[in-house]
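Visitor: The file below is start-v8.txt, compact mmCIF, C-alpha atoms and all ligand atoms:
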```txt
# COMPACT_ATOMS: atom_id res chain seq x y z
CA MET G 1 106.20 -84.07 185.61
CA ASN G 2 103.39 -82.25 187.37
CA ILE G 3 100.49 -83.87 189.17
CA ALA G 4 97.39 -82.74 191.00
CA VAL G 5 95.83 -84.41 194.03
CA LEU G 6 92.15 -83.59 194.48
CA GLY G 7 89.40 -84.62 196.85
CA ALA G 8 87.03 -86.93 194.97
CA ALA G 9 84.19 -86.63 197.49
CA TRP G 10 83.18 -84.08 200.17
CA GLY G 11 86.66 -83.40 201.51
CA ASP G 12 88.51 -85.22 204.30
CA GLU G 13 89.52 -88.09 202.02
CA GLY G 14 93.08 -88.17 203.34
CA LYS G 15 94.68 -85.84 200.80
CA GLY G 16 97.10 -84.37 203.37
CA HIS G 17 98.59 -87.78 204.17
CA ILE G 18 98.99 -88.62 200.47
CA VAL G 19 100.42 -85.24 199.44
CA HIS G 20 102.86 -85.29 202.33
CA HIS G 21 104.07 -88.73 201.31
CA LEU G 22 104.49 -87.82 197.63
CA SER G 23 105.90 -84.34 198.16
CA PRO G 24 109.64 -85.16 198.50
CA ARG G 25 109.54 -86.16 194.80
CA TYR G 26 108.41 -82.64 193.87
CA ASP G 27 110.05 -79.22 193.90
CA TRP G 28 106.87 -77.39 194.80
CA VAL G 29 103.64 -78.24 196.56
CA VAL G 30 101.05 -75.70 195.46
CA ARG G 31 97.75 -75.02 197.25
CA PHE G 32 95.41 -73.48 194.71
CA ASN G 33 91.98 -73.12 196.33
CA GLY G 34 90.06 -72.55 199.53
CA GLY G 35 91.43 -71.29 202.79
CA ALA G 36 91.50 -72.21 206.45
CA ASN G 37 88.27 -74.17 206.07
CA ALA G 38 90.53 -77.04 204.99
CA GLY G 39 92.07 -79.34 207.57
CA HIS G 40 94.85 -81.45 206.14
CA THR G 41 96.09 -84.06 208.58
CA ILE G 42 99.70 -85.12 208.32
CA TYR G 43 101.64 -87.66 210.36
CA ARG G 44 105.31 -86.82 210.54
CA ASP G 45 107.66 -88.95 212.65
CA ASN G 46 104.56 -90.26 214.45
CA VAL G 47 103.39 -86.77 215.38
CA LYS G 48 100.02 -85.55 214.05
CA TYR G 49 99.92 -82.10 212.42
CA VAL G 50 96.93 -80.30 210.93
CA HIS G 51 97.57 -77.72 208.22
CA ASN G 52 94.73 -75.37 207.38
CA LEU G 53 96.47 -73.03 204.94
CA MET G 54 99.97 -74.41 204.49
CA PRO G 55 100.48 -76.96 201.72
CA SER G 56 101.06 -80.47 203.08
CA PHE G 57 104.71 -80.52 202.07
CA ASP G 58 107.28 -82.63 203.86
CA TRP G 59 109.70 -80.01 205.12
CA ARG G 60 112.34 -82.63 205.85
CA ALA G 61 112.98 -82.84 202.10
CA ASP G 62 115.31 -79.94 201.27
CA ARG G 63 114.16 -79.96 197.69
CA THR G 64 110.51 -79.16 198.35
CA LYS G 65 109.03 -75.68 198.59
CA ALA G 66 105.49 -74.59 199.41
CA PHE G 67 103.44 -72.13 197.38
CA LEU G 68 100.10 -70.58 198.32
CA GLY G 69 98.40 -69.64 195.07
CA SER G 70 96.19 -66.73 194.08
CA GLY G 71 93.04 -68.88 194.06
CA MET G 72 93.18 -69.08 197.84
CA VAL G 73 91.63 -66.77 200.41
CA ILE G 74 94.09 -66.31 203.25
CA ASP G 75 93.56 -65.45 206.88
CA LEU G 76 96.87 -63.69 207.57
CA GLU G 77 96.81 -64.25 211.31
CA GLN G 78 96.21 -67.98 210.79
CA LEU G 79 98.99 -68.20 208.19
CA HIS G 80 101.35 -66.37 210.52
CA LYS G 81 100.48 -68.94 213.20
CA GLU G 82 101.08 -71.91 210.87
CA VAL G 83 104.37 -70.53 209.59
CA ASN G 84 105.54 -70.00 213.16
CA ALA G 85 104.53 -73.53 214.12
CA ILE G 86 106.58 -74.92 211.23
CA VAL G 87 109.56 -72.78 212.11
CA ALA G 88 109.28 -73.88 215.76
CA ALA G 89 109.13 -77.55 214.75
CA THR G 90 112.31 -77.28 212.67
CA PHE G 91 114.20 -74.59 214.57
CA GLN G 92 116.44 -76.97 216.44
CA PHE G 93 117.90 -78.31 213.18
CA GLN G 94 117.92 -75.34 210.86
CA GLY G 95 116.93 -72.13 212.61
CA THR G 96 114.40 -70.22 210.51
CA ALA G 97 115.66 -71.57 207.15
CA ILE G 98 112.41 -73.39 206.44
CA ALA G 99 110.53 -70.09 206.11
CA LYS G 100 112.53 -69.26 202.96
CA ARG G 101 110.92 -72.26 201.30
CA ILE G 102 107.43 -70.84 201.84
CA TYR G 103 106.09 -68.60 199.07
CA VAL G 104 102.80 -66.70 198.91
CA ASP G 105 101.24 -65.18 195.80
CA PRO G 106 100.37 -61.55 196.64
CA ASP G 107 97.40 -61.82 194.27
CA ALA G 108 95.61 -64.07 196.77
CA PHE G 109 92.79 -62.35 198.68
CA ILE G 110 92.63 -62.04 202.43
CA VAL G 111 89.91 -63.11 204.82
CA LEU G 112 88.81 -60.32 207.15
CA PRO G 113 87.20 -60.64 210.59
CA GLU G 114 83.88 -59.42 209.18
CA HIS G 115 83.91 -62.34 206.72
CA LYS G 116 83.98 -64.78 209.62
CA ASP G 117 81.20 -62.85 211.36
CA GLU G 118 79.10 -63.06 208.20
CA ASP G 119 79.57 -66.85 208.08
CA LYS G 120 78.45 -67.18 211.68
CA ALA G 121 75.42 -64.96 211.08
CA ASN G 122 74.29 -66.28 207.69
CA ASN G 123 75.78 -69.60 206.66
CA GLY G 124 74.75 -72.05 209.36
CA HIS G 125 72.20 -73.66 207.01
CA ILE G 126 75.08 -74.77 204.75
CA GLY G 127 77.13 -76.02 207.67
CA SER G 128 79.94 -73.55 207.02
CA THR G 129 83.18 -73.95 208.95
CA ASN G 130 82.81 -70.23 209.81
CA ARG G 131 86.28 -69.45 208.53
CA GLY G 132 84.98 -66.60 206.36
CA ILE G 133 85.67 -68.39 203.10
CA GLY G 134 82.38 -67.77 201.27
CA PRO G 135 82.14 -64.10 202.27
CA ALA G 136 85.79 -63.50 201.26
CA TYR G 137 85.17 -64.95 197.79
CA LYS G 138 81.93 -62.99 197.62
CA SER G 139 83.77 -59.68 198.16
CA LYS G 140 86.38 -60.75 195.60
CA ILE G 141 83.70 -61.35 192.96
CA ALA G 142 81.95 -58.12 193.92
CA ARG G 143 85.27 -56.31 193.28
CA LYS G 144 85.43 -55.17 196.86
CA GLY G 145 88.01 -57.63 198.10
CA THR G 146 91.46 -57.02 199.54
CA ARG G 147 94.47 -58.76 198.06
CA ILE G 148 97.67 -59.47 199.94
CA ARG G 149 99.22 -57.09 197.42
CA ASP G 150 96.90 -54.29 198.59
CA VAL G 151 97.90 -54.90 202.20
CA MET G 152 101.60 -54.82 201.29
CA GLU G 153 101.29 -51.62 199.31
CA GLY G 154 98.92 -49.72 201.60
CA ALA G 155 98.75 -48.66 205.21
CA SER G 156 96.64 -51.61 206.28
CA GLU G 157 96.23 -52.66 209.88
CA HIS G 158 96.90 -56.23 208.69
CA ARG G 159 100.34 -55.43 207.39
CA HIS G 160 102.19 -56.48 210.52
CA TRP G 161 101.29 -60.15 209.86
CA ILE G 162 103.02 -59.93 206.49
CA GLU G 163 105.98 -58.03 207.89
CA GLY G 164 106.32 -60.69 210.60
CA MET G 165 106.36 -63.51 208.04
CA LYS G 166 108.78 -61.62 205.79
CA LYS G 167 111.16 -61.15 208.69
CA LEU G 168 111.23 -64.91 209.13
CA GLY G 169 112.03 -65.34 205.45
CA VAL G 170 108.64 -66.07 203.83
CA GLN G 171 108.65 -64.79 200.25
CA PHE G 172 105.71 -62.95 198.72
CA LYS G 173 106.13 -63.47 194.97
CA GLY G 174 103.73 -63.61 192.06
CA LEU G 175 103.62 -66.33 189.43
CA LEU G 176 105.42 -64.36 186.77
CA GLU G 177 108.37 -63.86 189.09
CA LEU G 178 108.52 -67.60 189.69
CA ARG G 179 107.47 -68.93 186.31
CA ARG G 180 110.97 -69.47 184.95
CA GLU G 181 111.93 -71.50 188.00
CA MET G 182 108.67 -73.40 188.16
CA GLU G 183 108.66 -74.25 184.47
CA HIS G 184 111.76 -76.33 185.01
CA ALA G 185 110.50 -77.93 188.18
CA ASP G 186 108.13 -80.71 189.20
CA LEU G 187 104.93 -79.37 190.73
CA LEU G 188 102.38 -81.09 192.92
CA PHE G 189 99.07 -79.23 193.05
CA GLU G 190 97.22 -79.90 196.27
CA GLY G 191 93.46 -79.43 196.19
CA ALA G 192 91.40 -78.56 199.24
CA GLN G 193 87.83 -79.75 199.91
CA GLY G 194 86.50 -82.07 197.20
CA VAL G 195 84.73 -82.09 193.85
CA MET G 196 81.30 -82.51 195.52
CA LEU G 197 81.91 -79.19 197.33
CA ASP G 198 83.13 -77.33 194.21
CA ILE G 199 81.35 -74.02 193.58
CA ASN G 200 80.59 -74.94 189.95
CA HIS G 201 80.17 -78.71 190.03
CA GLY G 202 79.31 -79.59 193.62
CA LEU G 203 75.84 -80.05 195.10
CA TYR G 204 74.88 -76.38 195.01
CA PRO G 205 74.06 -74.60 197.29
CA TYR G 206 75.68 -77.06 199.71
CA VAL G 207 79.14 -76.23 198.47
CA SER G 208 82.22 -74.31 199.47
CA CYS G 209 83.03 -71.24 197.39
CA SER G 210 86.22 -72.22 195.58
CA GLU G 211 87.20 -74.43 192.68
CA SER G 212 88.21 -77.86 193.89
CA THR G 213 88.34 -79.49 190.44
CA VAL G 214 91.43 -79.36 188.23
CA ALA G 215 90.06 -76.07 186.88
CA GLY G 216 91.30 -74.44 190.08
CA VAL G 217 94.89 -75.14 189.01
CA TYR G 218 94.34 -73.22 185.80
CA SER G 219 92.48 -70.27 187.27
CA CYS G 220 95.43 -69.82 189.61
CA GLY G 221 97.46 -69.15 186.45
CA PHE G 222 99.31 -72.44 185.89
CA HIS G 223 98.26 -73.11 182.30
CA TRP G 224 101.95 -73.48 181.41
CA ALA G 225 102.38 -76.25 183.96
CA PRO G 226 99.45 -78.61 183.36
CA PRO G 227 99.29 -81.68 185.60
CA THR G 228 99.77 -84.82 183.52
CA LYS G 229 97.99 -86.94 186.11
CA VAL G 230 95.09 -85.81 188.24
CA TYR G 231 94.67 -88.07 191.26
CA GLY G 232 91.32 -88.16 192.99
CA VAL G 233 91.45 -89.29 196.60
CA ALA G 234 88.50 -91.17 198.12
CA LYS G 235 88.01 -93.18 201.27
CA VAL G 236 86.69 -96.75 201.07
CA TYR G 237 83.60 -95.38 202.77
CA THR G 238 82.26 -91.83 202.62
CA THR G 239 82.08 -88.93 205.05
CA LYS G 240 80.71 -85.45 204.89
CA VAL G 241 80.52 -82.49 207.24
CA GLY G 242 77.90 -79.81 206.91
CA GLU G 243 74.44 -79.89 205.40
CA GLY G 244 73.17 -81.13 202.04
CA PRO G 245 72.39 -84.40 200.29
CA PHE G 246 74.39 -87.50 201.18
CA PRO G 247 72.73 -90.45 199.41
CA THR G 248 74.57 -93.31 201.15
CA GLU G 249 74.42 -91.83 204.65
CA LEU G 250 74.13 -94.25 207.56
CA GLY G 251 72.43 -93.58 210.86
CA GLY G 252 72.49 -94.96 214.36
CA GLU G 253 74.92 -97.51 215.70
CA GLU G 254 76.46 -98.39 212.33
CA ALA G 255 77.48 -94.78 211.71
CA HIS G 256 78.66 -94.39 215.28
CA LYS G 257 80.92 -97.45 215.07
CA LEU G 258 82.55 -96.37 211.82
CA ARG G 259 82.97 -92.81 213.07
CA GLU G 260 84.83 -94.05 216.10
CA ARG G 261 86.97 -96.54 214.22
CA GLY G 262 87.93 -93.99 211.59
CA GLN G 263 88.14 -91.10 214.06
CA GLU G 264 85.84 -89.17 211.79
CA TYR G 265 85.76 -85.79 213.47
CA GLY G 266 86.46 -82.56 211.56
CA ALA G 267 90.16 -81.65 211.61
CA THR G 268 89.23 -77.95 211.50
CA THR G 269 86.05 -77.75 213.57
CA GLY G 270 86.00 -81.01 215.56
CA ARG G 271 82.45 -81.69 214.34
CA PRO G 272 81.42 -85.35 214.07
CA ARG G 273 81.41 -86.23 210.38
CA ARG G 274 78.38 -87.79 208.73
CA ILE G 275 79.16 -91.36 207.66
CA GLY G 276 78.05 -93.50 204.72
CA TRP G 277 79.10 -96.31 202.42
CA LEU G 278 81.17 -95.76 199.30
CA ASP G 279 79.04 -94.12 196.63
CA LEU G 280 80.24 -95.08 193.14
CA PRO G 281 77.75 -92.93 191.18
CA ALA G 282 79.02 -89.93 193.18
CA LEU G 283 82.64 -90.97 192.67
CA ASN G 284 82.05 -91.46 188.97
CA TYR G 285 80.45 -88.01 188.78
CA ALA G 286 83.42 -86.51 190.67
CA CYS G 287 85.93 -88.17 188.33
CA GLN G 288 84.17 -86.80 185.28
CA LYS G 289 83.54 -83.32 186.65
CA GLY G 290 86.89 -83.04 188.39
CA GLY G 291 89.14 -84.10 185.51
CA ILE G 292 90.38 -87.06 187.56
CA THR G 293 92.56 -89.55 185.69
CA ASP G 294 93.59 -91.87 188.57
CA LEU G 295 92.18 -92.80 191.95
CA ILE G 296 93.80 -93.14 195.35
CA LEU G 297 91.74 -95.10 197.89
CA THR G 298 92.38 -94.51 201.58
CA LYS G 299 91.52 -95.88 205.01
CA PHE G 300 91.28 -99.57 204.07
CA ASP G 301 92.42 -100.44 207.58
CA ILE G 302 89.28 -98.95 209.11
CA LEU G 303 87.12 -101.65 207.47
CA ASN G 304 89.35 -104.55 208.61
CA GLY G 305 87.41 -107.61 209.69
CA MET G 306 84.22 -107.02 207.68
CA ASP G 307 83.06 -110.08 205.82
CA LYS G 308 81.01 -108.11 203.28
CA ILE G 309 81.12 -104.40 202.52
CA PRO G 310 78.09 -102.61 201.07
CA VAL G 311 78.95 -100.41 198.09
CA CYS G 312 76.45 -98.21 196.24
CA VAL G 313 76.85 -99.10 192.58
CA ALA G 314 73.89 -97.23 191.08
CA TYR G 315 71.00 -94.90 191.75
CA GLN G 316 67.56 -95.64 190.41
CA LYS G 317 68.30 -92.90 187.89
CA ASP G 318 71.88 -92.32 186.76
CA PRO G 319 73.04 -88.88 187.99
CA THR G 320 73.82 -86.58 185.09
CA CYS G 321 73.77 -83.31 187.01
CA SER G 322 74.15 -82.16 190.60
CA SER G 323 70.35 -81.94 191.11
CA ASP G 324 70.07 -85.71 190.66
CA PHE G 325 71.84 -86.25 193.98
CA PHE G 326 69.01 -84.54 195.85
CA THR G 327 66.57 -87.30 194.85
CA ALA G 328 68.96 -90.24 194.62
CA ALA G 329 67.74 -93.72 195.54
CA PRO G 330 70.97 -95.69 196.07
CA GLN G 331 71.25 -99.36 195.17
CA TYR G 332 73.86 -101.49 196.90
CA ILE G 333 75.78 -104.68 196.36
CA ASP G 334 77.90 -106.51 198.92
CA VAL G 335 81.58 -106.77 198.00
CA SER G 336 83.98 -109.18 199.71
CA GLY G 337 85.71 -107.52 202.62
CA TRP G 338 89.13 -108.16 204.13
CA GLU G 339 90.40 -109.46 207.41
CA ASN G 340 93.59 -107.43 207.14
CA ALA G 341 94.09 -104.51 204.74
CA ASN G 342 97.80 -105.34 204.53
CA ASN G 343 96.91 -108.44 202.57
CA ASP G 344 96.72 -107.19 198.97
CA GLU G 345 94.87 -110.23 197.68
CA GLU G 346 91.92 -109.59 199.93
CA LEU G 347 91.46 -106.09 198.48
CA VAL G 348 91.23 -107.08 194.84
CA ASP G 349 87.44 -107.49 194.63
CA PHE G 350 86.75 -104.13 196.19
CA ILE G 351 89.25 -102.29 194.00
CA ARG G 352 87.94 -103.96 190.85
CA CYS G 353 84.43 -102.88 191.82
CA VAL G 354 85.58 -99.25 192.16
CA GLU G 355 87.38 -99.34 188.83
CA ARG G 356 84.32 -100.85 187.13
CA GLY G 357 82.05 -98.21 188.63
CA THR G 358 84.22 -95.25 187.64
CA GLN G 359 86.19 -96.45 184.62
CA VAL G 360 89.20 -94.88 186.33
CA PRO G 361 92.23 -96.90 187.48
CA VAL G 362 93.19 -97.10 191.14
CA SER G 363 96.88 -96.15 191.35
CA TYR G 364 97.61 -95.99 195.07
CA ILE G 365 96.00 -97.29 198.20
CA SER G 366 96.50 -96.25 201.81
CA ARG G 367 95.90 -98.51 204.80
CA GLY G 368 97.24 -96.60 207.77
CA THR G 369 98.90 -93.40 208.90
CA THR G 370 102.57 -94.21 208.36
CA PRO G 371 104.35 -93.56 205.04
CA ASN G 372 104.76 -97.33 204.58
CA ASP G 373 100.99 -97.69 204.57
CA ILE G 374 100.74 -95.91 201.21
CA VAL G 375 101.54 -98.23 198.33
CA GLY G 376 101.26 -98.19 194.55
CA TRP G 377 98.56 -100.47 193.17
P1 LIG W 401 82.72 -73.23 204.10
O1 LIG W 401 83.65 -73.44 202.98
O2 LIG W 401 83.39 -73.15 205.42
O3 LIG W 401 81.76 -72.11 203.89
O4 LIG W 401 81.79 -74.53 204.20
C1 LIG W 401 80.87 -74.88 203.17
C2 LIG W 401 80.61 -76.38 203.21
O5 LIG W 401 81.78 -77.08 202.85
C3 LIG W 401 80.23 -76.91 204.61
O6 LIG W 401 79.37 -78.02 204.44
C4 LIG W 401 81.55 -77.39 205.16
O7 LIG W 401 81.38 -78.39 206.13
C5 LIG W 401 82.21 -77.92 203.91
N1 LIG W 401 83.67 -77.85 203.94
C6 LIG W 401 84.45 -76.77 203.73
N2 LIG W 401 85.74 -77.10 203.80
C7 LIG W 401 85.79 -78.42 204.05
C8 LIG W 401 86.87 -79.35 204.19
O8 LIG W 401 88.04 -79.03 204.09
N3 LIG W 401 86.51 -80.64 204.42
C9 LIG W 401 85.22 -81.04 204.50
N4 LIG W 401 84.19 -80.21 204.36
C10 LIG W 401 84.47 -78.90 204.14
MG MG W 402 89.92 -82.23 206.13
```
Show how you would write the structure in this file as structure tokens.
Ligand code: IMP
Ligand code: MG
Guide:
Amino acid sequence: MNIAVLGAAWGDEGKGHIVHHLSPRYDWVVRFNGGANAGHTIYRDNVKYVHNLMPSFDWRADRTKAFLGSGMVIDLEQLHKEVNAIVAATFQFQGTAIAKRIYVDPDAFIVLPEHKDEDKANNGHIGSTNRGIGPAYKSKIARKGTRIRDVMEGASEHRHWIEGMKKLGVQFKGLLELRREMEHADLLFEGAQGVMLDINHGLYPYVSCSESTVAGVYSCGFHWAPPTKVYGVAKVYTTKVGEGPFPTELGGEEAHKLRERGQEYGATTGRPRRIGWLDLPALNYACQKGGITDLILTKFDILNGMDKIPVCVAYQKDPTCSSDFFTAAPQYIDVSGWENANNDEELVDFIRCVERGTQVPVSYISRGTTPNDIVGW
């Protein structure tokens, strides 16, 4: 069975932690969109890792391989660095064997230094991570982009990154070469960013430039491996980095406190994240636009000890399109909080409220950074 795990808000919902935990049950973890703008935080044996390009697979599970799909834009130097870090972390036990479980689709496009320069020069008003993502997709659409395939086949100055990875054992193979194997395997599609940042359905122009809905899985070429469940990950409060509308945003001391408790600083850029309460109209919108069938709620532990938790349950006008978020007037109710997120009974009211507001079932919750903190609901 194949599943997808998507961000159901503005990214940073805790997808990395969830994907890492689920990945040993899958043969492949597939990244299908975005690039090194993503920062997926993983805790492995109590050590914190951040993956920007590499899928959040648990390399301790022999079964699981990583695939970087053609919908991504890849900074080869950064990928080389991440592959080397993974090899270094596992070298003691298995030499370079791990690299053979990393596959890259040569149809993915590369990010060039000038793409990053363009971000720095032109995309500050969006709050870009300056990783060259938008400009790389722009050259792809303008038919001026460079694919990994072009680098491999030509005399490109970037070729040595690929040669270096190949030497370690990384495999550059297209979908049709892998289809037979993948068709008989269990795939976990790992989304980057979140539905509210999707190029088609996010709050344009305050978006990233890739497809972070389930559509991204298909445009990568996986129509023969459709995910039967599409999990949307959301925190029990909301965060956002970069510019653009954020209806439930908090200011001042309240935001500061939550930011510190949740350590809400960008995994990629270190920027302080904007903080707000859970926004059910936005989550409902993301579920509908993203193709989300199940929810995973994270970071319950951060709200421990709150008697009541404000949740936005409506806007004055129901949002039916992305423009409606620019003028949203959020309306809140107080939901019973919990003393200790490990006490399931205390969480029931909050979870019911989310399910009522989205008409989507909550299937997993996460209340900490260890694997034991993720439980089925
Ligand atoms: P870009 O994709 O770097 O151009 O950034 C465009 C917008 O998406 C900015 O507001 C970024 O802060 C935001 N963004 C991009 N990637 C992520 C992510 O992985 N998590 C959270 N926000 C992101
Ligand atoms: Mg992140």
Visitor: Using all atoms listed in the file, what does the table of chain G residues within 7 Å of ligand LIG 401 (chain W) look like, with each row giving the shortest atom pair and its distance in Å to one decimal, sorted by chain and ascending number, as a Markdown table?
Guide:
```
| residue | atom | partner | partner_atom | distance |
| --- | --- | --- | --- | --- |
| G:Trp10 | CA | W:LIG401 | C9 | 5.7 |
| G:Gly11 | CA | W:LIG401 | N3 | 4.0 |
| G:Asp12 | CA | W:LIG401 | N3 | 5.0 |
| G:Asn37 | CA | W:LIG401 | N2 | 4.5 |
| G:Ala38 | CA | W:LIG401 | O8 | 3.3 |
| G:Gly39 | CA | W:LIG401 | O8 | 5.3 |
| G:Ile126 | CA | W:LIG401 | O6 | 5.4 |
| G:Gly127 | CA | W:LIG401 | O6 | 4.4 |
| G:Ser128 | CA | W:LIG401 | O4 | 3.5 |
| G:Thr129 | CA | W:LIG401 | O2 | 3.6 |
| G:Asn130 | CA | W:LIG401 | O2 | 5.3 |
| G:Arg131 | CA | W:LIG401 | O2 | 5.6 |
| G:Gly132 | CA | W:LIG401 | O2 | 6.8 |
| G:Ile133 | CA | W:LIG401 | O1 | 5.4 |
| G:Gly134 | CA | W:LIG401 | O3 | 5.1 |
| G:Ala192 | CA | W:LIG401 | O8 | 5.9 |
| G:Gln193 | CA | W:LIG401 | O8 | 4.2 |
| G:Leu197 | CA | W:LIG401 | O5 | 5.9 |
| G:Tyr206 | CA | W:LIG401 | O6 | 6.1 |
| G:Val207 | CA | W:LIG401 | C2 | 5.0 |
| G:Ser208 | CA | W:LIG401 | O1 | 3.9 |
| G:Cys209 | CA | W:LIG401 | O1 | 6.0 |
| G:Lys240 | CA | W:LIG401 | N4 | 6.3 |
| G:Val241 | CA | W:LIG401 | O7 | 4.3 |
| G:Gly242 | CA | W:LIG401 | O6 | 3.4 |
| G:Glu243 | CA | W:LIG401 | O6 | 5.4 |
```
Visitor: With all atoms of segment 328-336 of chain G from the file as input, state the centre and edge lengths in Å to one decimal of the axis-aligned box that has 5 Å extra on each side, as lines of an AutoDock Vina configuration file.
Guide:
```
center_x = 75.9
center_y = -99.7
center_z = 197.2
size_x = 26.2
size_y = 28.9
size_z = 15.1
```
Visitor: Residues at most 12 Å from ligand MG 402 (chain W), using all atoms listed in the file? Could they come as a ChimeraX atom specification?
Guide: /G:6-7,9-17,34-42,49-53,56,129,191-194,233,239-241,264-271,273
Visitor: What would the file look like if the residues just selected were written as a PDB file, keeping the file's coordinate frame with C-alpha atoms?
Guide:
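Once written, part28.pdb looks like this:
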```pdb
ATOM      1  CA  LEU G   6      92.150 -83.590 194.480  1.00  0.00           C
ATOM      2  CA  GLY G   7      89.400 -84.620 196.850  1.00  0.00           C
ATOM      3  CA  ALA G   9      84.190 -86.630 197.490  1.00  0.00           C
ATOM      4  CA  TRP G  10      83.180 -84.080 200.170  1.00  0.00           C
ATOM      5  CA  GLY G  11      86.660 -83.400 201.510  1.00  0.00           C
ATOM      6  CA  ASP G  12      88.510 -85.220 204.300  1.00  0.00           C
ATOM      7  CA  GLU G  13      89.520 -88.090 202.020  1.00  0.00           C
ATOM      8  CA  GLY G  14      93.080 -88.170 203.340  1.00  0.00           C
ATOM      9  CA  LYS G  15      94.680 -85.840 200.800  1.00  0.00           C
ATOM     10  CA  GLY G  16      97.100 -84.370 203.370  1.00  0.00           C
ATOM     11  CA  HIS G  17      98.590 -87.780 204.170  1.00  0.00           C
ATOM     12  CA  GLY G  34      90.060 -72.550 199.530  1.00  0.00           C
ATOM     13  CA  GLY G  35      91.430 -71.290 202.790  1.00  0.00           C
ATOM     14  CA  ALA G  36      91.500 -72.210 206.450  1.00  0.00           C
ATOM     15  CA  ASN G  37      88.270 -74.170 206.070  1.00  0.00           C
ATOM     16  CA  ALA G  38      90.530 -77.040 204.990  1.00  0.00           C
ATOM     17  CA  GLY G  39      92.070 -79.340 207.570  1.00  0.00           C
ATOM     18  CA  HIS G  40      94.850 -81.450 206.140  1.00  0.00           C
ATOM     19  CA  THR G  41      96.090 -84.060 208.580  1.00  0.00           C
ATOM     20  CA  ILE G  42      99.700 -85.120 208.320  1.00  0.00           C
ATOM     21  CA  TYR G  49      99.920 -82.100 212.420  1.00  0.00           C
ATOM     22  CA  VAL G  50      96.930 -80.300 210.930  1.00  0.00           C
ATOM     23  CA  HIS G  51      97.570 -77.720 208.220  1.00  0.00           C
ATOM     24  CA  ASN G  52      94.730 -75.370 207.380  1.00  0.00           C
ATOM     25  CA  LEU G  53      96.470 -73.030 204.940  1.00  0.00           C
ATOM     26  CA  SER G  56     101.060 -80.470 203.080  1.00  0.00           C
ATOM     27  CA  THR G 129      83.180 -73.950 208.950  1.00  0.00           C
ATOM     28  CA  GLY G 191      93.460 -79.430 196.190  1.00  0.00           C
ATOM     29  CA  ALA G 192      91.400 -78.560 199.240  1.00  0.00           C
ATOM     30  CA  GLN G 193      87.830 -79.750 199.910  1.00  0.00           C
ATOM     31  CA  GLY G 194      86.500 -82.070 197.200  1.00  0.00           C
ATOM     32  CA  VAL G 233      91.450 -89.290 196.600  1.00  0.00           C
ATOM     33  CA  THR G 239      82.080 -88.930 205.050  1.00  0.00           C
ATOM     34  CA  LYS G 240      80.710 -85.450 204.890  1.00  0.00           C
ATOM     35  CA  VAL G 241      80.520 -82.490 207.240  1.00  0.00           C
ATOM     36  CA  GLU G 264      85.840 -89.170 211.790  1.00  0.00           C
ATOM     37  CA  TYR G 265      85.760 -85.790 213.470  1.00  0.00           C
ATOM     38  CA  GLY G 266      86.460 -82.560 211.560  1.00  0.00           C
ATOM     39  CA  ALA G 267      90.160 -81.650 211.610  1.00  0.00           C
ATOM     40  CA  THR G 268      89.230 -77.950 211.500  1.00  0.00           C
ATOM     41  CA  THR G 269      86.050 -77.750 213.570  1.00  0.00           C
ATOM     42  CA  GLY G 270      86.000 -81.010 215.560  1.00  0.00           C
ATOM     43  CA  ARG G 271      82.450 -81.690 214.340  1.00  0.00           C
ATOM     44  CA  ARG G 273      81.410 -86.230 210.380  1.00  0.00           C
TER      45      ARG G 273
END
```
Visitor: Name all residues at most 12 Å from segment 214-222 of chain G (count all atoms listed in the file; drop same-chain ones fewer than 6 positions away) and give them as a ChimeraX atom specification.
Guide: /G:2-8,29-34,67-73,105-108,174-176,178-179,182-183,187-195,198-201,228-232,286-293
Visitor: Smallest atom-to-atom distance to Leu303 of chain G: which of G:Ile141, G:Leu258, G:Ala97, G:Ala89, using only C-alpha atoms?
Guide: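 Selected residue with least distance to Leu303 of chain G: G:Leu258.
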Visitor: Please indicate the distance in Å from atom CA of Tyr285 of chain G to atom CA of Phe57 of chain G, rounded to one decimal place.
Guide: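 Calculated distance between atom CA of Tyr285 of chain G and atom CA of Phe57 of chain G is 28.7 Å.
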Visitor: Would you work out the distance separating atom CA of Pro247 of chain G from atom CA of Phe326 of chain G, expressed in Å to one decimal?
Guide: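 Going from atom CA of Pro247 of chain G over to atom CA of Phe326 of chain G, I get 7.8 Å.
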Visitor: Can you find the residues with an atom no farther than 8 Å from (70.7, -85.9, 198.8), counting only C-alpha atoms, and report them as a compact mmCIF listing (two decimals) with C-alpha atoms, in the coordinates of the input?
Guide:
```txt
# COMPACT_ATOMS: atom_id res chain seq x y z
CA GLY G 244 73.17 -81.13 202.04
CA PRO G 245 72.39 -84.40 200.29
CA PHE G 246 74.39 -87.50 201.18
CA PRO G 247 72.73 -90.45 199.41
CA PHE G 325 71.84 -86.25 193.98
CA PHE G 326 69.01 -84.54 195.85
CA THR G 327 66.57 -87.30 194.85
CA ALA G 328 68.96 -90.24 194.62
```
Visitor: From the list G:Arg274, G:Lys116, G:Arg25, G:Lys235, which residue is nearest Asp301 of chain G when using only C-alpha atoms?
Guide: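 Result for the nearest residue to Asp301 of chain G: G:Lys235.
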Visitor: Work out how far atom CA of Lys299 of chain G is from atom CA of Ala255 of chain G, in Å to one decimal.
Guide: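 A separation of 15.6 Å between them.
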Visitor: Which of these, G:Ile296, G:Val83, G:Pro330, G:Gly154, has the shortest distance to Ile18 of chain G once you count all atoms listed in the file?
Guide: G:Ile296
Visitor: Using only C-alpha atoms, which residue out of G:Thr64, G:Ser322, G:Gln316, G:Thr370 lies closest to Ala185 of chain G?
Guide: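 Smallest distance to Ala185 of chain G is found for G:Thr64.
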